[in-house]
>>> print(open('protein27.cif').read())   # mmCIF, C-alpha atoms
data_work
#
loop_
_atom_site.group_PDB
_atom_site.id
_atom_site.type_symbol
_atom_site.label_atom_id
_atom_site.label_comp_id
_atom_site.auth_asym_id
_atom_site.auth_seq_id
_atom_site.Cartn_x
_atom_site.Cartn_y
_atom_site.Cartn_z
ATOM 1 C CA MET A 1 124.631 107.104 31.895
ATOM 2 C CA THR A 2 127.548 106.680 34.274
ATOM 3 C CA ILE A 3 129.874 109.666 34.498
ATOM 4 C CA LYS A 4 133.296 109.357 36.022
ATOM 5 C CA SER A 5 136.240 111.690 35.926
ATOM 6 C CA LEU A 6 139.057 110.949 33.535
ATOM 7 C CA GLY A 7 142.024 113.110 34.339
ATOM 8 C CA ARG A 8 142.890 114.006 30.780
ATOM 9 C CA TRP A 9 143.112 110.536 29.421
ATOM 10 C CA ALA A 10 145.781 109.765 31.926
ATOM 11 C CA ALA A 11 147.951 112.081 30.042
ATOM 12 C CA LEU A 12 146.572 110.749 26.867
ATOM 13 C CA LEU A 13 149.869 109.913 27.693
ATOM 14 C CA SER A 14 152.747 109.825 25.529
ATOM 15 C CA ILE A 15 150.462 107.891 23.372
ATOM 16 C CA ALA A 16 147.744 109.544 21.476
ATOM 17 C CA PHE A 17 146.894 108.676 17.896
ATOM 18 C CA PHE A 18 146.922 110.931 14.702
ATOM 19 C CA MET A 19 148.684 114.115 13.861
ATOM 20 C CA ALA A 20 149.234 115.532 10.400
ATOM 21 C CA ILE A 21 152.795 114.587 9.508
ATOM 22 C CA THR A 22 154.813 114.272 6.340
ATOM 23 C CA THR A 23 154.208 110.819 4.956
ATOM 24 C CA THR A 24 157.374 110.902 2.875
ATOM 25 C CA THR A 25 159.423 111.083 6.075
ATOM 26 C CA TYR A 26 157.826 107.973 7.527
ATOM 27 C CA GLY A 27 157.261 106.053 4.321
ATOM 28 C CA GLN A 28 153.614 105.052 4.572
ATOM 29 C CA LYS A 29 150.761 106.085 2.334
ATOM 30 C CA SER A 30 148.237 108.468 3.874
ATOM 31 C CA VAL A 31 145.149 109.676 2.006
ATOM 32 C CA PRO A 32 141.748 111.155 2.956
ATOM 33 C CA LEU A 33 138.851 108.735 3.286
ATOM 34 C CA ALA A 34 136.236 108.738 0.549
ATOM 35 C CA THR A 35 133.036 110.438 1.732
ATOM 36 C CA THR A 36 131.047 107.193 1.637
ATOM 37 C CA ARG A 37 133.697 105.320 3.628
ATOM 38 C CA PHE A 38 133.950 108.141 6.157
ATOM 39 C CA SER A 39 130.201 107.942 6.706
ATOM 40 C CA GLN A 40 130.232 104.140 6.856
ATOM 41 C CA LEU A 41 132.880 104.062 9.580
ATOM 42 C CA LEU A 42 130.743 106.324 11.782
ATOM 43 C CA THR A 43 127.297 104.898 11.084
ATOM 44 C CA THR A 44 127.592 101.088 10.919
ATOM 45 C CA GLY A 45 128.079 98.382 13.509
ATOM 46 C CA GLU A 46 129.022 99.432 17.027
ATOM 47 C CA ALA A 47 129.913 102.914 15.767
ATOM 48 C CA GLY A 48 126.384 103.312 14.405
ATOM 49 C CA THR A 49 124.873 102.261 17.728
ATOM 50 C CA LEU A 50 127.178 104.668 19.546
ATOM 51 C CA ARG A 51 126.242 107.488 17.167
ATOM 52 C CA SER A 52 122.526 106.854 17.731
ATOM 53 C CA GLN A 53 123.026 107.115 21.478
ATOM 54 C CA LEU A 54 125.077 110.311 21.130
ATOM 55 C CA LEU A 55 122.367 111.888 18.999
ATOM 56 C CA LYS A 56 119.881 111.214 21.804
ATOM 57 C CA LEU A 57 121.822 113.482 24.158
ATOM 58 C CA PRO A 58 120.026 116.807 24.895
ATOM 59 C CA GLY A 59 120.449 119.297 22.062
ATOM 60 C CA ALA A 60 122.540 116.909 19.941
ATOM 61 C CA THR A 61 123.199 117.945 16.333
ATOM 62 C CA VAL A 62 125.895 116.774 13.917
ATOM 63 C CA SER A 63 128.568 119.424 13.537
ATOM 64 C CA ARG A 64 131.979 119.713 11.865
ATOM 65 C CA LYS A 65 134.099 116.960 10.382
ATOM 66 C CA GLY A 66 137.156 115.821 12.285
ATOM 67 C CA VAL A 67 139.882 113.427 11.138
ATOM 68 C CA SER A 68 139.315 111.579 7.861
ATOM 69 C CA GLU A 69 142.340 109.509 6.967
ATOM 70 C CA THR A 70 143.554 106.118 5.861
ATOM 71 C CA GLN A 71 147.150 105.010 6.228
ATOM 72 C CA SER A 72 148.666 101.919 4.710
ATOM 73 C CA GLY A 73 152.055 100.314 4.934
ATOM 74 C CA THR A 74 153.875 97.309 6.344
ATOM 75 C CA PHE A 75 154.510 96.411 9.951
ATOM 76 C CA ASN A 76 156.568 93.351 10.897
ATOM 77 C CA LYS A 77 156.165 92.013 7.328
ATOM 78 C CA LYS A 78 152.370 92.313 7.460
ATOM 79 C CA ALA A 79 150.306 94.603 5.230
ATOM 80 C CA VAL A 80 148.482 97.142 7.383
ATOM 81 C CA THR A 81 145.649 99.560 6.641
ATOM 82 C CA VAL A 82 144.352 101.902 9.337
ATOM 83 C CA GLU A 83 141.283 104.088 8.800
ATOM 84 C CA ILE A 84 140.321 106.844 11.212
ATOM 85 C CA ALA A 85 137.128 108.869 11.012
ATOM 86 C CA SER A 86 135.796 111.420 13.486
ATOM 87 C CA GLN A 87 132.808 113.755 13.566
ATOM 88 C CA PHE A 88 131.921 116.425 16.108
ATOM 89 C CA ILE A 89 128.450 116.536 17.634
ATOM 90 C CA ASN A 90 127.149 119.603 19.459
ATOM 91 C CA THR A 91 125.137 118.942 22.615
ATOM 92 C CA SER A 92 123.613 121.141 25.293
ATOM 93 C CA SER A 93 126.540 120.351 27.586
ATOM 94 C CA GLY A 94 129.292 120.870 24.991
ATOM 95 C CA GLU A 95 130.942 119.329 21.960
ATOM 96 C CA VAL A 96 131.523 115.584 21.611
ATOM 97 C CA GLU A 97 133.772 113.979 19.008
ATOM 98 C CA GLN A 98 132.769 110.538 17.779
ATOM 99 C CA VAL A 99 135.834 108.522 16.718
ATOM 100 C CA THR A 100 136.200 105.237 14.831
ATOM 101 C CA ILE A 101 139.591 103.535 14.393
ATOM 102 C CA HIS A 102 139.533 100.559 12.002
ATOM 103 C CA VAL A 103 142.665 98.421 11.683
ATOM 104 C CA ASN A 104 143.297 95.624 9.176
ATOM 105 C CA GLU A 105 146.650 93.989 9.809
ATOM 106 C CA GLY A 106 147.345 91.010 7.612
ATOM 107 C CA GLY A 107 143.644 90.120 7.687
ATOM 108 C CA GLN A 108 143.269 90.635 11.444
ATOM 109 C CA VAL A 109 140.592 93.306 11.848
ATOM 110 C CA ARG A 110 139.937 95.451 14.923
ATOM 111 C CA THR A 111 137.518 98.372 15.209
ATOM 112 C CA ILE A 112 137.388 100.772 18.161
ATOM 113 C CA ALA A 113 134.427 103.120 18.516
ATOM 114 C CA LEU A 114 134.484 105.845 21.143
ATOM 115 C CA ALA A 115 133.510 109.430 21.841
ATOM 116 C CA GLN A 116 135.608 112.160 23.408
ATOM 117 C CA TYR A 117 134.489 115.272 25.253
ATOM 118 C CA GLY A 118 136.144 118.677 25.259
ATOM 119 C CA ASN A 119 139.327 117.821 23.347
ATOM 120 C CA GLY A 120 140.977 115.757 26.022
ATOM 121 C CA GLY A 121 138.322 115.329 28.673
ATOM 122 C CA LEU A 122 136.054 112.394 29.420
ATOM 123 C CA TYR A 123 135.553 109.773 26.783
ATOM 124 C CA GLY A 124 132.740 107.330 26.276
ATOM 125 C CA ARG A 125 131.991 104.001 24.673
ATOM 126 C CA LEU A 126 129.320 101.338 24.624
ATOM 127 C CA VAL A 127 129.276 99.083 27.654
ATOM 128 C CA GLY A 128 126.811 96.229 27.425
ATOM 129 C CA GLY A 129 125.057 98.030 24.592
ATOM 130 C CA LEU A 130 124.567 101.212 26.626
ATOM 131 C CA TYR A 131 126.518 104.425 26.241
ATOM 132 C CA GLU A 132 128.636 105.432 29.214
ATOM 133 C CA THR A 133 131.303 107.972 29.882
ATOM 134 C CA VAL A 134 134.126 106.011 31.383
ATOM 135 C CA GLU A 135 137.149 106.576 33.544
ATOM 136 C CA GLN A 136 139.936 104.870 31.639
ATOM 137 C CA ASN A 137 143.619 105.360 32.125
ATOM 138 C CA LEU A 138 145.334 104.946 28.810
ATOM 139 C CA VAL A 139 147.912 102.234 29.375
ATOM 140 C CA ASN A 140 151.493 103.410 29.691
ATOM 141 C CA TYR A 141 153.280 103.104 26.359
ATOM 142 C CA GLU A 142 156.191 101.223 27.948
ATOM 143 C CA THR A 143 153.757 98.427 28.773
ATOM 144 C CA CYS A 144 152.217 98.308 25.296
ATOM 145 C CA LEU A 145 155.144 99.192 23.080
ATOM 146 C CA LEU A 146 158.524 98.715 24.667
ATOM 147 C CA ALA A 147 160.371 95.757 26.098
ATOM 148 C CA PRO A 148 160.170 96.130 29.903
ATOM 149 C CA GLU A 149 163.660 94.810 30.689
ATOM 150 C CA ASN A 150 166.967 94.578 28.859
ATOM 151 C CA ALA A 151 165.498 96.706 26.069
ATOM 152 C CA PRO A 152 167.594 96.944 22.912
ATOM 153 C CA ALA A 153 168.777 100.360 21.724
ATOM 154 C CA ALA A 154 165.914 100.514 19.206
ATOM 155 C CA CYS A 155 163.435 100.863 22.086
ATOM 156 C CA GLY A 156 164.744 104.320 22.878
ATOM 157 C CA LYS A 157 164.139 105.425 19.309
ATOM 158 C CA CYS A 158 160.717 103.786 19.238
ATOM 159 C CA GLY A 159 159.790 105.508 22.495
ATOM 160 C CA ASP A 160 161.003 108.890 21.216
ATOM 161 C CA GLN A 161 158.872 108.562 18.082
ATOM 162 C CA ILE A 162 155.761 107.632 20.043
ATOM 163 C CA PHE A 163 156.309 110.304 22.685
ATOM 164 C CA GLU A 164 156.123 112.957 19.958
ATOM 165 C CA CYS A 165 152.490 111.964 19.371
ATOM 166 C CA ASP A 166 151.205 113.319 22.673
ATOM 167 C CA ASN A 167 148.033 115.234 21.888
ATOM 168 C CA PRO A 168 144.838 115.619 23.933
ATOM 169 C CA ASN A 169 142.756 114.796 20.848
ATOM 170 C CA THR A 170 142.457 111.023 20.522
ATOM 171 C CA ALA A 171 141.881 110.903 16.772
ATOM 172 C CA ILE A 172 144.846 113.167 16.016
ATOM 173 C CA ALA A 173 147.126 111.313 18.400
ATOM 174 C CA SER A 174 146.058 107.952 16.983
ATOM 175 C CA ALA A 175 147.001 108.895 13.462
ATOM 176 C CA CYS A 176 150.403 110.024 14.657
ATOM 177 C CA ILE A 177 151.139 106.750 16.435
ATOM 178 C CA VAL A 178 150.098 104.707 13.423
ATOM 179 C CA ALA A 179 152.395 106.801 11.247
ATOM 180 C CA ARG A 180 155.313 106.219 13.590
ATOM 181 C CA LEU A 181 154.685 102.476 13.834
ATOM 182 C CA LEU A 182 154.603 102.168 10.058
ATOM 183 C CA ASN A 183 158.066 103.731 9.972
ATOM 184 C CA PRO A 184 160.136 101.649 7.543
ATOM 185 C CA LEU A 185 163.165 102.020 9.811
ATOM 186 C CA GLY A 186 161.421 99.541 12.076
ATOM 187 C CA ALA A 187 162.674 100.825 15.441
ATOM 188 C CA CYS A 188 159.603 99.495 17.223
ATOM 189 C CA VAL A 189 159.802 96.124 15.482
ATOM 190 C CA ARG A 190 163.448 95.795 16.506
ATOM 191 C CA CYS A 191 162.361 96.722 20.011
ATOM 192 C CA GLY A 192 159.968 93.767 20.120
ATOM 193 C CA VAL A 193 156.660 95.280 19.009
ATOM 194 C CA PHE A 194 155.120 92.702 16.694
ATOM 195 C CA SER A 195 151.467 93.587 16.169
ATOM 196 C CA LEU A 196 149.977 97.003 15.497
ATOM 197 C CA THR A 197 146.504 95.638 16.238
ATOM 198 C CA GLU A 198 147.596 94.413 19.665
ATOM 199 C CA VAL A 199 149.250 97.745 20.407
ATOM 200 C CA ILE A 200 146.087 99.715 19.615
ATOM 201 C CA THR A 201 143.915 97.352 21.654
ATOM 202 C CA CYS A 202 146.355 97.559 24.567
ATOM 203 C CA LEU A 203 146.573 101.338 24.497
ATOM 204 C CA PHE A 204 142.839 101.823 24.770
ATOM 205 C CA GLY A 205 142.294 98.991 27.222
ATOM 206 C CA PHE A 206 139.680 97.346 24.956
#
>>> encode(input="protein27.cif", output="structure tokens")
Amino acid sequence: MTIKSLGRWAALLSIAFFMAITTTTYGQKSVPLATTRFSQLLTTGEAGTLRSQLLKLPGATVSRKGVSETQSGTFNKKAVTVEIASQFINTSSGEVEQVTIHVNEGGQVRTIALAQYGNGGLYGRLVGGLYETVEQNLVNYETCLLAPENAPAACGKCGDQIFECDNPNTAIASACIVARLLNPLGACVRCGVFSLTEVITCLFGF
């Protein structure tokens, strides 16, 4: 296992993903995941392989439940559903949170499976089928979300909404960003953000 330092997710930046917020304010539907779906998101595909590797760490035992949420809405005239599931695992060296983010945007599906240490420390993912903790600077939100030059006024509002999501916990921050991007006011769409799937992929550098 390769271990590299992370530097707090490069500020987990102004761009983390899932905070409990009022869904009526932002207009999208947010509900807890069904127990079977929660389990499926953490135990199948790449997430299942990742979980198996985490459970091989010294002293590993499944612990408390983390985020369990699905949000649905419309982004740039496309139906979007985002599911986030996380589960904490105790190990001899500390607690690890396994996180799965599953996005279906107009039929385009993207799943990100990762693990995070110490609520904002190192994170890990599968690299070539093997689990590694990785140094990864979360890409600056201006690169992924906002027009770099001659930005329309909506970009300021979009940036303000996203900046409010800063949280060292990836799963919590992720949910917050999704909620903001499903905002029916469409500040980020008017700013030039066209695909939620591309944003999420960009942010995590996957």
>>> residues_around(input="protein27.cif", residues="stretch 55-69 of chain A", least_positions_apart="3", cutoff="9 Å", atoms="only C-alpha atoms", output="count of residues only")
30
>>> atom_distance(input="protein27.cif", atom1="atom CA of A:Ala154", atom2="atom CA of A:His102")
27.3 Å
>>> atom_distance(input="protein27.cif", atom1="atom CA of A:Pro152", atom2="atom CA of A:Arg110")
28.8 Å
>>> residues_around(input="protein27.cif", residues="A:Val199", least_positions_apart="4", cutoff="8 Å", atoms="all atoms listed in the file", output="PyMOL selection string")
chain A and resi 144-145+193+195+203
>>> atom_distance(input="protein27.cif", atom1="atom CA of A:Ile162", atom2="atom CA of A:Arg180")
6.6 Å
>>> resolve_selection(input="protein27.cif", expression="the PyMOL selection byres ((chain A and resi 107) around 12)", output="MDAnalysis selection string")
chainID A and resid 78:82 103:106 108:110 197
>>> closest_residue(input="protein27.cif", among="A:Cys158, A:Ala179, A:Ile200, A:Cys165", to="A:Ser72", atoms="only C-alpha atoms")
A:Ala179
>>> closest_residue(input="protein27.cif", among="A:Ile112, A:Cys176, A:Cys202, A:Leu42", to="A:Arg125", atoms="only C-alpha atoms")
A:Ile112
>>> resolve_selection(input="protein27.cif", expression="the PyMOL selection byres ((chain A and resi 131) around 8)", output="mmCIF file with C-alpha atoms, in the frame of the given file")
data_model
loop_
_atom_site.group_PDB
_atom_site.id
_atom_site.type_symbol
_atom_site.label_atom_id
_atom_site.label_comp_id
_atom_site.auth_asym_id
_atom_site.auth_seq_id
_atom_site.Cartn_x
_atom_site.Cartn_y
_atom_site.Cartn_z
ATOM 1 C CA MET A 1 124.631 107.104 31.895
ATOM 2 C CA LEU A 50 127.178 104.668 19.546
ATOM 3 C CA GLN A 53 123.026 107.115 21.478
ATOM 4 C CA LEU A 54 125.077 110.311 21.130
ATOM 5 C CA GLY A 124 132.740 107.330 26.276
ATOM 6 C CA ARG A 125 131.991 104.001 24.673
ATOM 7 C CA LEU A 126 129.320 101.338 24.624
ATOM 8 C CA VAL A 127 129.276 99.083 27.654
ATOM 9 C CA GLY A 129 125.057 98.030 24.592
ATOM 10 C CA LEU A 130 124.567 101.212 26.626
ATOM 11 C CA GLU A 132 128.636 105.432 29.214
ATOM 12 C CA THR A 133 131.303 107.972 29.882
#
>>> axis_aligned_box(input="protein27.cif", around="stretch 38-56 of chain A", padding_each_side="3 Å", output="JSON")
{"center_x": 126.9, "center_y": 105.1, "center_z": 14.0, "size_x": 20.1, "size_y": 19.5, "size_z": 21.6}
>>> decode(input="protein27.cif", residues="stretch 83-97 of chain A", atoms="all heavy atoms", output="PDB file, in the first residue's frame")
ATOM      1  N   GLU A  83     -26.891   9.269  -5.726  1.00  0.00           N
ATOM      2  CA  GLU A  83     -26.977   8.464  -4.508  1.00  0.00           C
ATOM      3  C   GLU A  83     -25.617   8.494  -3.815  1.00  0.00           C
ATOM      4  O   GLU A  83     -24.590   8.300  -4.464  1.00  0.00           O
ATOM      5  CB  GLU A  83     -27.352   7.023  -4.833  1.00  0.00           C
ATOM      6  CG  GLU A  83     -28.713   6.893  -5.501  1.00  0.00           C
ATOM      7  CD  GLU A  83     -28.947   5.503  -6.054  1.00  0.00           C
ATOM      8  OE1 GLU A  83     -28.206   5.126  -6.990  1.00  0.00           O
ATOM      9  OE2 GLU A  83     -29.837   4.813  -5.557  1.00  0.00           O
ATOM     10  N   ILE A  84     -25.635   8.711  -2.526  1.00  0.00           N
ATOM     11  CA  ILE A  84     -24.392   8.716  -1.753  1.00  0.00           C
ATOM     12  C   ILE A  84     -24.566   7.799  -0.551  1.00  0.00           C
ATOM     13  O   ILE A  84     -25.546   7.903   0.189  1.00  0.00           O
ATOM     14  CB  ILE A  84     -24.012  10.120  -1.285  1.00  0.00           C
ATOM     15  CG1 ILE A  84     -23.784  11.032  -2.498  1.00  0.00           C
ATOM     16  CG2 ILE A  84     -22.763  10.082  -0.418  1.00  0.00           C
ATOM     17  CD1 ILE A  84     -23.411  12.443  -2.150  1.00  0.00           C
ATOM     18  N   ALA A  85     -23.624   6.898  -0.382  1.00  0.00           N
ATOM     19  CA  ALA A  85     -23.644   5.984   0.759  1.00  0.00           C
ATOM     20  C   ALA A  85     -22.261   5.957   1.383  1.00  0.00           C
ATOM     21  O   ALA A  85     -21.248   5.921   0.674  1.00  0.00           O
ATOM     22  CB  ALA A  85     -24.029   4.569   0.313  1.00  0.00           C
ATOM     23  N   SER A  86     -22.190   5.999   2.707  1.00  0.00           N
ATOM     24  CA  SER A  86     -20.889   5.871   3.368  1.00  0.00           C
ATOM     25  C   SER A  86     -21.036   5.068   4.658  1.00  0.00           C
ATOM     26  O   SER A  86     -22.076   5.090   5.309  1.00  0.00           O
ATOM     27  CB  SER A  86     -20.267   7.243   3.649  1.00  0.00           C
ATOM     28  OG  SER A  86     -20.924   7.919   4.703  1.00  0.00           O
ATOM     29  N   GLN A  87     -19.974   4.339   4.962  1.00  0.00           N
ATOM     30  CA  GLN A  87     -19.934   3.465   6.140  1.00  0.00           C
ATOM     31  C   GLN A  87     -18.555   3.572   6.767  1.00  0.00           C
ATOM     32  O   GLN A  87     -17.546   3.552   6.071  1.00  0.00           O
ATOM     33  CB  GLN A  87     -20.174   2.013   5.709  1.00  0.00           C
ATOM     34  CG  GLN A  87     -20.092   0.990   6.831  1.00  0.00           C
ATOM     35  CD  GLN A  87     -21.417   0.841   7.550  1.00  0.00           C
ATOM     36  OE1 GLN A  87     -22.437   0.590   6.921  1.00  0.00           O
ATOM     37  NE2 GLN A  87     -21.408   1.003   8.858  1.00  0.00           N
ATOM     38  N   PHE A  88     -18.523   3.725   8.086  1.00  0.00           N
ATOM     39  CA  PHE A  88     -17.246   3.812   8.792  1.00  0.00           C
ATOM     40  C   PHE A  88     -16.734   2.417   9.130  1.00  0.00           C
ATOM     41  O   PHE A  88     -17.506   1.517   9.456  1.00  0.00           O
ATOM     42  CB  PHE A  88     -17.398   4.647  10.066  1.00  0.00           C
ATOM     43  CG  PHE A  88     -17.618   6.105   9.801  1.00  0.00           C
ATOM     44  CD1 PHE A  88     -18.897   6.600   9.595  1.00  0.00           C
ATOM     45  CD2 PHE A  88     -16.542   6.981   9.722  1.00  0.00           C
ATOM     46  CE1 PHE A  88     -19.105   7.943   9.336  1.00  0.00           C
ATOM     47  CE2 PHE A  88     -16.740   8.334   9.461  1.00  0.00           C
ATOM     48  CZ  PHE A  88     -18.032   8.818   9.263  1.00  0.00           C
ATOM     49  N   ILE A  89     -15.421   2.262   9.039  1.00  0.00           N
ATOM     50  CA  ILE A  89     -14.764   1.004   9.378  1.00  0.00           C
ATOM     51  C   ILE A  89     -13.657   1.308  10.382  1.00  0.00           C
ATOM     52  O   ILE A  89     -12.789   2.156  10.120  1.00  0.00           O
ATOM     53  CB  ILE A  89     -14.172   0.331   8.117  1.00  0.00           C
ATOM     54  CG1 ILE A  89     -15.298  -0.031   7.143  1.00  0.00           C
ATOM     55  CG2 ILE A  89     -13.350  -0.897   8.488  1.00  0.00           C
ATOM     56  CD1 ILE A  89     -14.822  -0.548   5.796  1.00  0.00           C
ATOM     57  N   ASN A  90     -13.703   0.658  11.512  1.00  0.00           N
ATOM     58  CA  ASN A  90     -12.639   0.816  12.522  1.00  0.00           C
ATOM     59  C   ASN A  90     -11.452  -0.048  12.149  1.00  0.00           C
ATOM     60  O   ASN A  90     -11.620  -1.199  11.747  1.00  0.00           O
ATOM     61  CB  ASN A  90     -13.149   0.413  13.910  1.00  0.00           C
ATOM     62  CG  ASN A  90     -14.126   1.420  14.479  1.00  0.00           C
ATOM     63  OD1 ASN A  90     -14.003   2.616  14.231  1.00  0.00           O
ATOM     64  ND2 ASN A  90     -15.118   0.945  15.209  1.00  0.00           N
ATOM     65  N   THR A  91     -10.251   0.501  12.256  1.00  0.00           N
ATOM     66  CA  THR A  91      -9.030  -0.270  12.038  1.00  0.00           C
ATOM     67  C   THR A  91      -8.073   0.014  13.190  1.00  0.00           C
ATOM     68  O   THR A  91      -8.303   0.932  13.991  1.00  0.00           O
ATOM     69  CB  THR A  91      -8.347   0.120  10.711  1.00  0.00           C
ATOM     70  OG1 THR A  91      -7.739   1.410  10.855  1.00  0.00           O
ATOM     71  CG2 THR A  91      -9.338   0.155   9.554  1.00  0.00           C
ATOM     72  N   SER A  92      -7.012  -0.741  13.245  1.00  0.00           N
ATOM     73  CA  SER A  92      -6.024  -0.562  14.320  1.00  0.00           C
ATOM     74  C   SER A  92      -5.393   0.822  14.280  1.00  0.00           C
ATOM     75  O   SER A  92      -4.958   1.355  15.297  1.00  0.00           O
ATOM     76  CB  SER A  92      -4.926  -1.622  14.211  1.00  0.00           C
ATOM     77  OG  SER A  92      -5.477  -2.905  14.376  1.00  0.00           O
ATOM     78  N   SER A  93      -5.337   1.423  13.104  1.00  0.00           N
ATOM     79  CA  SER A  93      -4.696   2.733  12.969  1.00  0.00           C
ATOM     80  C   SER A  93      -5.696   3.886  12.950  1.00  0.00           C
ATOM     81  O   SER A  93      -5.317   5.034  12.748  1.00  0.00           O
ATOM     82  CB  SER A  93      -3.843   2.774  11.696  1.00  0.00           C
ATOM     83  OG  SER A  93      -4.630   2.498  10.561  1.00  0.00           O
ATOM     84  N   GLY A  94      -6.997   3.593  13.144  1.00  0.00           N
ATOM     85  CA  GLY A  94      -7.988   4.656  13.169  1.00  0.00           C
ATOM     86  C   GLY A  94      -9.200   4.332  12.313  1.00  0.00           C
ATOM     87  O   GLY A  94      -9.304   3.261  11.715  1.00  0.00           O
ATOM     88  N   GLU A  95     -10.114   5.273  12.245  1.00  0.00           N
ATOM     89  CA  GLU A  95     -11.369   5.073  11.532  1.00  0.00           C
ATOM     90  C   GLU A  95     -11.241   5.464  10.064  1.00  0.00           C
ATOM     91  O   GLU A  95     -10.625   6.468   9.729  1.00  0.00           O
ATOM     92  CB  GLU A  95     -12.464   5.906  12.201  1.00  0.00           C
ATOM     93  CG  GLU A  95     -13.868   5.530  11.799  1.00  0.00           C
ATOM     94  CD  GLU A  95     -14.908   6.267  12.631  1.00  0.00           C
ATOM     95  OE1 GLU A  95     -14.862   7.511  12.682  1.00  0.00           O
ATOM     96  OE2 GLU A  95     -15.764   5.598  13.226  1.00  0.00           O
ATOM     97  N   VAL A  96     -11.840   4.647   9.201  1.00  0.00           N
ATOM     98  CA  VAL A  96     -11.870   4.900   7.763  1.00  0.00           C
ATOM     99  C   VAL A  96     -13.333   4.965   7.333  1.00  0.00           C
ATOM    100  O   VAL A  96     -14.156   4.170   7.789  1.00  0.00           O
ATOM    101  CB  VAL A  96     -11.168   3.766   6.981  1.00  0.00           C
ATOM    102  CG1 VAL A  96     -11.204   4.047   5.478  1.00  0.00           C
ATOM    103  CG2 VAL A  96      -9.744   3.584   7.456  1.00  0.00           C
ATOM    104  N   GLU A  97     -13.661   5.917   6.474  1.00  0.00           N
ATOM    105  CA  GLU A  97     -15.019   5.996   5.948  1.00  0.00           C
ATOM    106  C   GLU A  97     -15.012   5.597   4.478  1.00  0.00           C
ATOM    107  O   GLU A  97     -14.355   6.227   3.655  1.00  0.00           O
ATOM    108  CB  GLU A  97     -15.581   7.410   6.094  1.00  0.00           C
ATOM    109  CG  GLU A  97     -17.042   7.524   5.651  1.00  0.00           C
ATOM    110  CD  GLU A  97     -17.611   8.927   5.836  1.00  0.00           C
ATOM    111  OE1 GLU A  97     -16.819   9.881   5.989  1.00  0.00           O
ATOM    112  OE2 GLU A  97     -18.845   9.066   5.799  1.00  0.00           O
TER     113      GLU A  97
END
